[in-house]
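Text of query.pdb (PDB, C-alpha atoms) as supplied:
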```
ATOM      1  CA  MET A   1     -19.618   6.172  -5.450
ATOM      2  CA  LEU A   2     -20.543   2.670  -4.467
ATOM      3  CA  PRO A   3     -17.697   0.470  -3.176
ATOM      4  CA  ILE A   4     -16.948  -3.065  -4.210
ATOM      5  CA  ASN A   5     -17.422  -5.292  -1.188
ATOM      6  CA  ASN A   6     -15.847  -8.314  -2.883
ATOM      7  CA  ARG A   7     -12.376  -7.128  -3.836
ATOM      8  CA  SER A   8     -11.596 -10.352  -5.695
ATOM      9  CA  SER A   9     -13.672  -8.863  -8.519
ATOM     10  CA  LEU A  10     -10.497  -7.136  -9.727
ATOM     11  CA  ASP A  11      -9.409  -9.605 -12.390
ATOM     12  CA  SER A  12      -5.969 -10.328 -13.785
ATOM     13  CA  ALA A  13      -6.403  -7.679 -16.481
ATOM     14  CA  ASN A  14      -7.031  -5.049 -13.803
ATOM     15  CA  HIS A  15     -10.510  -4.350 -15.171
ATOM     16  CA  ILE A  16     -12.680  -2.657 -12.599
ATOM     17  CA  ASN A  17     -16.239  -3.756 -12.079
ATOM     18  CA  ARG A  18     -19.301  -1.611 -12.214
ATOM     19  CA  TYR A  19     -19.670  -0.274  -8.655
ATOM     20  CA  THR A  20     -16.384   1.342  -7.844
ATOM     21  CA  LYS A  21     -15.174   3.908  -5.342
ATOM     22  CA  VAL A  22     -12.464   6.042  -6.923
ATOM     23  CA  ASP A  23     -10.129   8.673  -5.435
ATOM     24  CA  LEU A  24      -7.384   9.896  -7.766
ATOM     25  CA  HIS A  25      -5.852  12.730  -5.714
ATOM     26  CA  SER A  26      -4.181  12.317  -2.312
ATOM     27  CA  HIS A  27      -0.990  13.213  -0.464
ATOM     28  CA  SER A  28       1.373  11.415   1.907
ATOM     29  CA  THR A  29       4.247  12.540   4.110
ATOM     30  CA  CYS A  30       6.456  12.400   1.008
ATOM     31  CA  SER A  31       5.016  15.832   0.266
ATOM     32  CA  ASP A  32       2.578  17.702   2.512
ATOM     33  CA  GLY A  33       0.256  14.988   3.823
ATOM     34  CA  SER A  34       0.221  13.781   7.429
ATOM     35  CA  PHE A  35       0.089  10.004   6.770
ATOM     36  CA  SER A  36       2.902   7.860   5.411
ATOM     37  CA  PRO A  37       2.202   6.074   2.098
ATOM     38  CA  SER A  38       1.457   2.862   4.025
ATOM     39  CA  GLU A  39      -0.884   4.634   6.423
ATOM     40  CA  LEU A  40      -2.587   6.393   3.528
ATOM     41  CA  LEU A  41      -3.302   3.101   1.746
ATOM     42  CA  ASN A  42      -4.599   1.591   4.978
ATOM     43  CA  LYS A  43      -6.957   4.556   5.338
ATOM     44  CA  ALA A  44      -8.081   4.124   1.733
ATOM     45  CA  PHE A  45      -8.903   0.475   2.437
ATOM     46  CA  GLU A  46     -10.830   1.406   5.585
ATOM     47  CA  VAL A  47     -13.142   3.745   3.670
ATOM     48  CA  GLY A  48     -13.671   1.241   0.855
ATOM     49  CA  ILE A  49     -11.696   2.836  -1.961
ATOM     50  CA  ASP A  50     -11.051   0.471  -4.860
ATOM     51  CA  VAL A  51      -9.152   2.644  -7.354
ATOM     52  CA  PHE A  52      -6.641   5.054  -5.828
ATOM     53  CA  ALA A  53      -3.749   7.350  -6.683
ATOM     54  CA  VAL A  54      -1.121   8.855  -4.392
ATOM     55  CA  THR A  55      -0.283  12.177  -6.046
ATOM     56  CA  ASP A  56       2.426  13.770  -3.944
ATOM     57  CA  HIS A  57       3.838  17.102  -5.076
ATOM     58  CA  ASP A  58       6.619  16.650  -7.646
ATOM     59  CA  THR A  59       7.845  13.331  -6.245
ATOM     60  CA  LEU A  60       7.380   9.580  -6.639
ATOM     61  CA  ALA A  61       9.200   8.828  -3.382
ATOM     62  CA  GLY A  62       6.271   6.979  -1.803
ATOM     63  CA  SER A  63       5.307   4.895  -4.831
ATOM     64  CA  ASN A  64       6.910   1.580  -3.913
ATOM     65  CA  GLU A  65       5.689   1.665  -0.333
ATOM     66  CA  ALA A  66       2.168   2.536  -1.455
ATOM     67  CA  LYS A  67       2.144  -0.214  -4.098
ATOM     68  CA  ALA A  68       3.113  -2.894  -1.595
ATOM     69  CA  VAL A  69       0.247  -2.032   0.749
ATOM     70  CA  ALA A  70      -2.200  -1.595  -2.135
ATOM     71  CA  ASP A  71      -1.403  -5.126  -3.286
ATOM     72  CA  GLU A  72      -2.067  -6.451   0.223
ATOM     73  CA  HIS A  73      -5.503  -4.823   0.279
ATOM     74  CA  GLY A  74      -6.496  -5.528  -3.318
ATOM     75  CA  ILE A  75      -6.647  -1.817  -4.160
ATOM     76  CA  HIS A  76      -6.006  -0.901  -7.799
ATOM     77  CA  LEU A  77      -3.267   1.719  -7.386
ATOM     78  CA  ILE A  78      -2.780   4.146 -10.270
ATOM     79  CA  ASN A  79       0.658   5.738 -10.702
ATOM     80  CA  GLY A  80       0.280   9.401  -9.851
ATOM     81  CA  VAL A  81       2.062  12.674  -9.106
ATOM     82  CA  GLU A  82       0.963  16.315  -8.855
ATOM     83  CA  ILE A  83       3.297  18.464 -10.948
ATOM     84  CA  SER A  84       3.812  22.169 -10.243
ATOM     85  CA  VAL A  85       3.776  24.088 -13.530
ATOM     86  CA  MET A  86       4.115  27.767 -14.392
ATOM     87  CA  HIS A  87       1.434  29.218 -16.617
ATOM     88  CA  GLN A  88       0.623  32.754 -17.661
ATOM     89  CA  VAL A  89      -3.114  33.216 -17.227
ATOM     90  CA  SER A  90      -5.108  35.893 -18.967
ATOM     91  CA  GLY A  91      -8.686  36.952 -19.506
ATOM     92  CA  GLY A  92     -11.005  39.608 -18.179
ATOM     93  CA  TYR A  93     -13.068  42.514 -19.305
ATOM     94  CA  GLY A  94     -12.173  45.805 -20.969
ATOM     95  CA  LYS A  95     -10.069  46.782 -23.936
ATOM     96  CA  HIS A  96      -6.789  46.127 -22.090
ATOM     97  CA  SER A  97      -7.767  42.687 -20.729
ATOM     98  CA  LYS A  98      -5.378  40.837 -23.051
ATOM     99  CA  HIS A  99      -2.485  42.650 -21.440
ATOM    100  CA  LYS A 100      -3.490  41.745 -17.876
ATOM    101  CA  LEU A 101      -1.277  38.681 -17.689
ATOM    102  CA  GLN A 102      -0.513  36.840 -14.468
ATOM    103  CA  ASP A 103       2.097  34.159 -13.818
ATOM    104  CA  LYS A 104       0.594  31.415 -11.667
ATOM    105  CA  ILE A 105       1.712  28.070 -10.335
ATOM    106  CA  ILE A 106      -0.865  25.590 -11.606
ATOM    107  CA  HIS A 107      -1.039  21.922 -10.632
ATOM    108  CA  VAL A 108      -1.291  19.169 -13.237
ATOM    109  CA  LEU A 109      -1.933  15.599 -12.168
ATOM    110  CA  ALA A 110      -0.048  12.903 -14.028
ATOM    111  CA  LEU A 111      -2.037   9.678 -13.775
ATOM    112  CA  ASP A 112      -1.522   6.103 -14.922
ATOM    113  CA  PHE A 113       1.909   6.640 -16.495
ATOM    114  CA  ALA A 114       4.164   3.628 -17.056
ATOM    115  CA  ASP A 115       7.651   5.129 -17.374
ATOM    116  CA  THR A 116       8.359   5.999 -13.739
ATOM    117  CA  GLU A 117      12.103   6.345 -14.371
ATOM    118  CA  LYS A 118      11.649   9.068 -16.969
ATOM    119  CA  MET A 119       9.073  10.823 -14.785
ATOM    120  CA  GLY A 120      11.323  10.655 -11.709
ATOM    121  CA  GLN A 121      14.279  12.151 -13.565
ATOM    122  CA  ALA A 122      12.167  15.029 -14.842
ATOM    123  CA  LEU A 123      10.857  15.751 -11.348
ATOM    124  CA  ALA A 124      14.317  15.841  -9.738
ATOM    125  CA  ARG A 125      14.916  19.447 -10.821
ATOM    126  CA  ILE A 126      11.599  20.573  -9.340
ATOM    127  CA  GLN A 127      12.361  18.733  -6.099
ATOM    128  CA  SER A 128      15.650  20.601  -5.753
ATOM    129  CA  SER A 129      13.778  23.840  -6.300
ATOM    130  CA  ARG A 130      11.225  22.919  -3.631
ATOM    131  CA  ALA A 131      13.991  22.515  -1.038
ATOM    132  CA  ASN A 132      15.473  25.903  -1.886
ATOM    133  CA  ARG A 133      12.052  27.485  -1.957
ATOM    134  CA  GLY A 134      11.187  26.236   1.543
ATOM    135  CA  GLU A 135      14.294  27.828   2.960
ATOM    136  CA  GLN A 136      13.665  31.067   1.106
ATOM    137  CA  ILE A 137      10.108  31.299   2.434
ATOM    138  CA  VAL A 138      11.276  30.651   5.984
ATOM    139  CA  GLN A 139      14.007  33.280   5.595
ATOM    140  CA  LYS A 140      11.374  35.825   4.610
ATOM    141  CA  LEU A 141       9.127  34.761   7.465
ATOM    142  CA  ALA A 142      11.914  34.918  10.022
ATOM    143  CA  THR A 143      12.356  38.571   9.176
ATOM    144  CA  LEU A 144       8.640  39.301   9.143
ATOM    145  CA  ILE A 145       7.892  37.728  12.536
ATOM    146  CA  GLU A 146      11.312  38.552  14.040
ATOM    147  CA  VAL A 147      12.433  35.006  14.822
ATOM    148  CA  PRO A 148      15.933  33.579  14.148
ATOM    149  CA  PHE A 149      15.962  31.740  10.832
ATOM    150  CA  ALA A 150      17.765  28.637  12.160
ATOM    151  CA  GLU A 151      15.212  28.202  14.912
ATOM    152  CA  LEU A 152      12.232  28.608  12.589
ATOM    153  CA  TRP A 153      13.744  26.337   9.917
ATOM    154  CA  GLN A 154      14.246  23.498  12.382
ATOM    155  CA  GLU A 155      10.628  23.732  13.489
ATOM    156  CA  VAL A 156       9.486  23.541   9.869
ATOM    157  CA  LEU A 157      11.786  20.604   9.115
ATOM    158  CA  ALA A 158      10.297  18.721  12.065
ATOM    159  CA  HIS A 159       6.940  18.808  10.276
ATOM    160  CA  ALA A 160       8.510  17.507   7.051
ATOM    161  CA  ASP A 161      10.282  14.525   8.659
ATOM    162  CA  GLY A 162      13.577  16.396   8.415
ATOM    163  CA  LYS A 163      13.491  16.437   4.591
ATOM    164  CA  PRO A 164      14.144  19.877   3.045
ATOM    165  CA  GLU A 165      12.886  18.665  -0.336
ATOM    166  CA  ALA A 166       9.537  17.717   1.223
ATOM    167  CA  VAL A 167       8.893  21.121   2.808
ATOM    168  CA  GLY A 168       5.641  22.629   1.605
ATOM    169  CA  ARG A 169       3.761  25.735   2.557
ATOM    170  CA  VAL A 170       1.392  23.684   4.726
ATOM    171  CA  HIS A 171       4.320  22.661   6.950
ATOM    172  CA  ILE A 172       5.307  26.301   7.338
ATOM    173  CA  ALA A 173       1.708  27.318   8.001
ATOM    174  CA  LYS A 174       1.426  24.775  10.813
ATOM    175  CA  VAL A 175       4.468  26.287  12.531
ATOM    176  CA  LEU A 176       2.877  29.728  12.297
ATOM    177  CA  VAL A 177      -0.264  28.333  13.949
ATOM    178  CA  GLU A 178       1.784  26.657  16.693
ATOM    179  CA  ARG A 179       3.577  29.935  17.353
ATOM    180  CA  GLU A 180       0.163  31.669  17.500
ATOM    181  CA  HIS A 181       0.993  34.161  14.758
ATOM    182  CA  VAL A 182      -2.229  33.062  13.039
ATOM    183  CA  PRO A 183      -5.246  31.074  14.280
ATOM    184  CA  THR A 184      -5.494  28.625  11.350
ATOM    185  CA  VAL A 185      -3.526  27.196   8.444
ATOM    186  CA  GLN A 186      -5.779  29.087   6.028
ATOM    187  CA  LYS A 187      -5.044  32.378   7.797
ATOM    188  CA  ALA A 188      -1.323  31.653   7.436
ATOM    189  CA  PHE A 189      -1.788  31.447   3.687
ATOM    190  CA  ASP A 190      -4.004  34.518   3.601
ATOM    191  CA  LYS A 191      -1.531  36.632   5.567
ATOM    192  CA  PHE A 192       1.906  35.283   4.584
ATOM    193  CA  LEU A 193       2.103  32.341   2.173
ATOM    194  CA  ALA A 194      -0.368  32.620  -0.703
ATOM    195  CA  ASP A 195       0.667  33.937  -4.101
ATOM    196  CA  ASN A 196       2.003  37.497  -3.869
ATOM    197  CA  LYS A 197       1.802  37.583  -0.059
ATOM    198  CA  PRO A 198       4.850  38.846   1.933
ATOM    199  CA  ALA A 199       6.592  35.468   2.324
ATOM    200  CA  TYR A 200       5.673  33.969  -1.042
ATOM    201  CA  VAL A 201       8.445  32.526  -3.224
ATOM    202  CA  ALA A 202       7.758  31.063  -6.659
ATOM    203  CA  ILE A 203       8.918  27.539  -7.391
ATOM    204  CA  GLU A 204      11.037  26.558 -10.383
ATOM    205  CA  SER A 205       8.786  24.548 -12.613
ATOM    206  CA  LEU A 206       7.951  23.204 -16.030
ATOM    207  CA  SER A 207       5.577  25.076 -18.266
ATOM    208  CA  MET A 208       2.108  23.581 -18.590
ATOM    209  CA  ALA A 209       2.817  22.487 -22.155
ATOM    210  CA  GLU A 210       6.093  20.832 -21.070
ATOM    211  CA  ALA A 211       4.334  18.966 -18.269
ATOM    212  CA  ILE A 212       1.597  17.666 -20.570
ATOM    213  CA  THR A 213       4.201  16.471 -23.074
ATOM    214  CA  LEU A 214       6.200  14.780 -20.304
ATOM    215  CA  ILE A 215       3.114  12.970 -18.997
ATOM    216  CA  HIS A 216       2.193  11.721 -22.460
ATOM    217  CA  ASP A 217       5.784  10.660 -23.159
ATOM    218  CA  CYS A 218       5.651   8.595 -19.965
ATOM    219  CA  GLY A 219       2.449   6.911 -21.117
ATOM    220  CA  GLY A 220       0.065   8.746 -18.786
ATOM    221  CA  VAL A 221      -2.866  11.127 -18.864
ATOM    222  CA  ALA A 222      -2.713  14.815 -17.897
ATOM    223  CA  VAL A 223      -5.377  16.241 -15.587
ATOM    224  CA  LEU A 224      -5.871  19.892 -14.642
ATOM    225  CA  ALA A 225      -6.111  19.781 -10.843
ATOM    226  CA  HIS A 226      -8.722  21.744  -8.840
ATOM    227  CA  PRO A 227      -9.229  24.534 -11.417
ATOM    228  CA  THR A 228     -11.320  26.677  -9.056
ATOM    229  CA  ARG A 229      -8.687  26.882  -6.300
ATOM    230  CA  TYR A 230      -6.160  29.255  -7.834
ATOM    231  CA  GLY A 231      -7.785  32.509  -6.775
ATOM    232  CA  LEU A 232      -8.731  33.296 -10.367
ATOM    233  CA  SER A 233     -11.831  35.028 -11.663
ATOM    234  CA  ALA A 234     -14.410  32.896 -13.452
ATOM    235  CA  THR A 235     -13.231  34.365 -16.765
ATOM    236  CA  ARG A 236      -9.652  33.315 -16.061
ATOM    237  CA  VAL A 237     -10.685  29.852 -14.898
ATOM    238  CA  ARG A 238     -12.446  29.349 -18.209
ATOM    239  CA  LYS A 239      -9.381  30.591 -20.078
ATOM    240  CA  LEU A 240      -7.138  28.284 -18.029
ATOM    241  CA  ILE A 241      -9.231  25.260 -18.988
ATOM    242  CA  SER A 242      -9.240  26.370 -22.608
ATOM    243  CA  ASP A 243      -5.438  26.724 -22.595
ATOM    244  CA  PHE A 244      -5.044  23.306 -20.989
ATOM    245  CA  ALA A 245      -7.247  21.657 -23.605
ATOM    246  CA  GLU A 246      -5.466  23.412 -26.494
ATOM    247  CA  MET A 247      -2.116  22.162 -25.165
ATOM    248  CA  GLY A 248      -3.343  18.572 -25.306
ATOM    249  CA  GLY A 249      -4.513  18.038 -21.723
ATOM    250  CA  ASP A 250      -6.771  15.032 -21.271
ATOM    251  CA  ALA A 251      -9.080  15.795 -18.361
ATOM    252  CA  CYS A 252     -10.207  18.298 -15.760
ATOM    253  CA  GLU A 253     -10.686  17.500 -12.092
ATOM    254  CA  LEU A 254     -14.220  18.191 -10.851
ATOM    255  CA  PRO A 255     -14.689  20.718  -8.018
ATOM    256  CA  SER A 256     -15.023  19.231  -4.530
ATOM    257  CA  ASN A 257     -18.430  18.624  -2.972
ATOM    258  CA  ASP A 258     -18.095  21.593  -0.600
ATOM    259  CA  GLU A 259     -17.724  24.132  -3.411
ATOM    260  CA  PRO A 260     -20.734  26.119  -4.656
ATOM    261  CA  ILE A 261     -22.919  24.417  -7.254
ATOM    262  CA  SER A 262     -22.353  27.411  -9.536
ATOM    263  CA  LYS A 263     -18.648  26.533  -9.764
ATOM    264  CA  ARG A 264     -19.440  22.909 -10.575
ATOM    265  CA  GLN A 265     -21.838  24.013 -13.295
ATOM    266  CA  MET A 266     -19.232  26.341 -14.791
ATOM    267  CA  ILE A 267     -16.603  23.576 -14.842
ATOM    268  CA  ASP A 268     -19.091  21.106 -16.316
ATOM    269  CA  ARG A 269     -19.789  23.527 -19.177
ATOM    270  CA  GLN A 270     -16.086  24.012 -19.893
ATOM    271  CA  ILE A 271     -15.425  20.267 -19.845
ATOM    272  CA  ALA A 272     -18.208  19.735 -22.370
ATOM    273  CA  GLU A 273     -17.139  22.663 -24.549
ATOM    274  CA  HIS A 274     -13.550  21.450 -24.836
ATOM    275  CA  GLY A 275     -14.268  17.724 -25.047
ATOM    276  CA  LEU A 276     -12.313  16.867 -21.901
ATOM    277  CA  LYS A 277     -12.679  13.798 -19.748
ATOM    278  CA  VAL A 278     -12.971  14.212 -15.980
ATOM    279  CA  SER A 279     -11.109  13.103 -12.886
ATOM    280  CA  VAL A 280     -12.266  12.904  -9.279
ATOM    281  CA  GLY A 281     -10.171  13.172  -6.120
ATOM    282  CA  SER A 282     -10.438  14.301  -2.520
ATOM    283  CA  ASP A 283      -7.027  16.059  -2.442
ATOM    284  CA  PHE A 284      -6.677  14.417   0.963
ATOM    285  CA  HIS A 285      -3.842  15.719   3.187
ATOM    286  CA  GLY A 286      -4.826  14.083   6.475
ATOM    287  CA  ALA A 287      -4.518  16.215   9.603
ATOM    288  CA  ASN A 288      -2.837  19.001   7.624
ATOM    289  CA  MET A 289      -6.161  19.775   5.901
ATOM    290  CA  PRO A 290      -8.775  17.915   7.975
ATOM    291  CA  TRP A 291     -11.722  19.363   6.068
ATOM    292  CA  ARG A 292     -10.806  17.192   3.063
ATOM    293  CA  ARG A 293     -12.025  13.642   3.608
ATOM    294  CA  LEU A 294     -10.536  10.623   1.905
ATOM    295  CA  GLY A 295     -12.918   9.179  -0.662
ATOM    296  CA  ASP A 296     -15.225  12.210  -0.596
ATOM    297  CA  VAL A 297     -15.327  12.942  -4.314
ATOM    298  CA  PRO A 298     -17.958  14.433  -6.628
ATOM    299  CA  ARG A 299     -20.086  12.269  -8.867
ATOM    300  CA  LEU A 300     -19.925  12.363 -12.620
ATOM    301  CA  ASN A 301     -22.786  13.697 -14.670
ATOM    302  CA  GLU A 302     -24.306  11.240 -17.108
ATOM    303  CA  ASN A 303     -22.558  12.777 -20.118
ATOM    304  CA  GLN A 304     -19.083  12.807 -18.523
ATOM    305  CA  THR A 305     -16.341  10.225 -18.981
ATOM    306  CA  LEU A 306     -13.875   9.288 -16.273
ATOM    307  CA  VAL A 307     -10.304   9.700 -17.502
ATOM    308  CA  LEU A 308      -9.505   6.061 -16.656
ATOM    309  CA  THR A 309     -12.581   4.631 -18.375
ATOM    310  CA  GLN A 310     -10.424   2.494 -20.654
ATOM    311  CA  LYS A 311      -9.819   0.280 -17.605
ATOM    312  CA  ILE A 312     -13.384   0.306 -16.313
ATOM    313  CA  ASP A 313     -16.119  -1.958 -17.636
ATOM    314  CA  THR A 314     -18.789   0.738 -17.118
ATOM    315  CA  GLN A 315     -18.957   4.192 -15.576
ATOM    316  CA  PRO A 316     -18.588   4.150 -11.768
ATOM    317  CA  THR A 317     -21.778   6.119 -10.988
ATOM    318  CA  PHE A 318     -23.845   9.076 -12.090
ATOM    319  CA  ASN A 319     -25.804  11.828 -10.340
TER     320      ASN A 319
END
```
Entire entry expressed as structure tokens:
Amino acid sequence: MLPINNRSSLDSANHINRYTKVDLHSHSTCSDGSFSPSELLNKAFEVGIDVFAVTDHDTLAGSNEAKAVADEHGIHLINGVEISVMHQVSGGYGKHSKHKLQDKIIHVLALDFADTEKMGQALARIQSSRANRGEQIVQKLATLIEVPFAELWQEVLAHADGKPEAVGRVHIAKVLVEREHVPTVQKAFDKFLADNKPAYVAIESLSMAEAITLIHDCGGVAVLAHPTRYGLSATRVRKLISDFAEMGGDACELPSNDEPISKRQMIDRQIAEHGLKVSVGSDFHGANMPWRRLGDVPRLNENQTLVLTQKIDTQPTFN
């Protein structure tokens, strides 16, 4: 997407001019990113992003800090958060496919909501669960790798700025890499931390329908985040998008540029079939996931509508 070089083009009504660089999915140290909210906004400015959202996991803790720096740089900051929801996915082949149900944590982005107080209160319960979950995962790991729990927990906390509620699986994975139990963060997930692996612990969460209702009640739009990253078959991804649309979801996030074109084509078809808008985001985590680059987002097809189009004079760009 083409950046605006003259940032004064953002007028008092917050309308966004024609050539706009948009990134609506990123993480700070308030969840599992490696940059503080201020640092994240500075990075966004450096790469020419004009419309941005900090979407930390289940928390708005960095919102005020991010807003202050966004205002300094003339970046149009959208209120955002990535909500962990529980959803029972289904789909497959064969006469018993309807009975092959699977509980999965799915991520729903809440974007551009106005009622931050209501959203923050609703997220408090999930935040408490995240703190307990981090400890439970580390307890399992301590047994698996034969390390004292207290020692391992302190190492994990060091990566989360000492905040139990901010502990995510990426923080735990980094400790496993440092201890040389695995060579990479991805291998830590593959061996210990991914769904149904030996150290996995589910998080307390809203249902997908509850999350969509909450987002709408707060004045925002609900976006299904990275639909191809849940380890689901293509059939189940399609069913997930269908469920999301039927529950009133507004948009689907497009697959990242490094994913196969076949996945993008599948998602494009589902978006069109269910009349969804689209969202674009890098899912930037900084050094914790260095392969994801800030501002590196897919382009919209000509027949797709950005979920925030009501604030944009024309579409940002097309393929």
Have a look at CA of Ser279 (chain A) and CA of Ile83 (chain A) and let me know their distance in Å, one decimal.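 Separating CA of Ser279 (chain A) from CA of Ile83 (chain A) is a distance of 15.5 Å.
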Neighbourhood query: residues within 12 Å of (2.1, -2.1, -7.7), file coordinates, counting all atoms listed in the file; return as a VMD selection string. chain A and resid 14 52 to 54 62 to 80 112 114 116
Take every atom of region 248-254 of chain A listed in the file, pad by 4 Å on each side, and give me the axis-aligned box centre and edge lengths in Å, one decimal, as JSON.
```
{"center_x": -8.8, "center_y": 16.8, "center_z": -18.1, "size_x": 18.9, "size_y": 11.5, "size_z": 22.5}
```
Using the chain letters and numbering of this document, enumerate as a PDB file with C-alpha atoms, in the coordinates of the input the residues selected by the PyMOL selection byres ((chain A and resi 250) around 6).
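out.pdb, freshly written:
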```
ATOM      1  CA  ALA A 222      -2.713  14.815 -17.897  1.00  0.00           C
ATOM      2  CA  VAL A 223      -5.377  16.241 -15.587  1.00  0.00           C
ATOM      3  CA  GLY A 249      -4.513  18.038 -21.723  1.00  0.00           C
ATOM      4  CA  ALA A 251      -9.080  15.795 -18.361  1.00  0.00           C
ATOM      5  CA  LEU A 276     -12.313  16.867 -21.901  1.00  0.00           C
TER       6      LEU A 276
END
```
How far is it from CA of Gly33 (chain A) to CA of Leu144 (chain A), in Å with one decimal? 26.3 Å
Counting only C-alpha atoms, which of A:Ala199, A:Leu300, A:Leu24, A:Ala194 gets nearest to Lys104 (chain A)? A:Ala194
For the atom pair CA of Arg293 (chain A) and CA of Pro255 (chain A), what is the interatomic distance in Å to one decimal place?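 Interatomic distance, CA of Arg293 (chain A) to CA of Pro255 (chain A): 13.9 Å.
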Using the chain letters and residue numbers of this document, give as an MDAnalysis selection string the residues selected by the PyMOL selection byres ((chain A and resi 257) around 9). chainID A and resid 254:256 258:261 264 296:299
Just checking: using all atoms listed in the file, which residue out of A:Pro227, A:Pro290, A:Gly134, A:Gly168 ends up closest to Val108 (chain A)?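 For Val108 (chain A), the nearest of the given residues is A:Pro227.
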Specify as JSON, numbers by chain each residue included when the PyMOL selection byres ((chain A and resi 138) around 12) is applied to this file. {"A": [131, 132, 133, 134, 135, 136, 137, 139, 140, 141, 142, 143, 144, 145, 146, 147, 148, 149, 150, 151, 152, 153, 154, 155, 156, 157, 164, 167, 168, 169, 171, 172, 173, 175, 176, 192, 193, 198, 199, 200, 201]}
9 Å contact set for His274 (chain A), all atoms listed in the file, chain neighbours under 3 positions out, as a ChimeraX atom specification: /A:241-242,245-246,269-271
Measuring between only C-alpha atoms, which one of A:Met289, A:Ala188, A:Val280, A:Ala122 shows the shortest distance to Lys21 (chain A)?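 Among A:Met289, A:Ala188, A:Val280, A:Ala122, it is A:Val280 that comes nearest to Lys21 (chain A).
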From the set A:Glu165, A:Asp56, A:Asp217, A:Asp50, which residue has the shortest atom-to-atom contact distance to Ser128 (chain A), counting only C-alpha atoms?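 Closest residue, counting only C-alpha atoms: A:Glu165.
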Of the listed residues A:Glu39, A:Asp32, A:Glu46, A:Asp103, that which approaches Ser205 (chain A) most closely, counting all atoms listed in the file: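 The answer is A:Asp103, which sits nearest to Ser205 (chain A).
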Env of Gln102 (chain A): 7 Å cut, atoms = all atoms listed in the file, seq-sep filter 2 positions within chain, self excluded. Answer as a list of chain:residue names. A:Gln88, A:Val89, A:Ser90, A:Lys100, A:Lys104
From the options A:Asn288, A:Ser38, A:Phe244, A:Asp268, which residue's atoms come nearest to Thr213 (chain A), counting only C-alpha atoms? A:Phe244
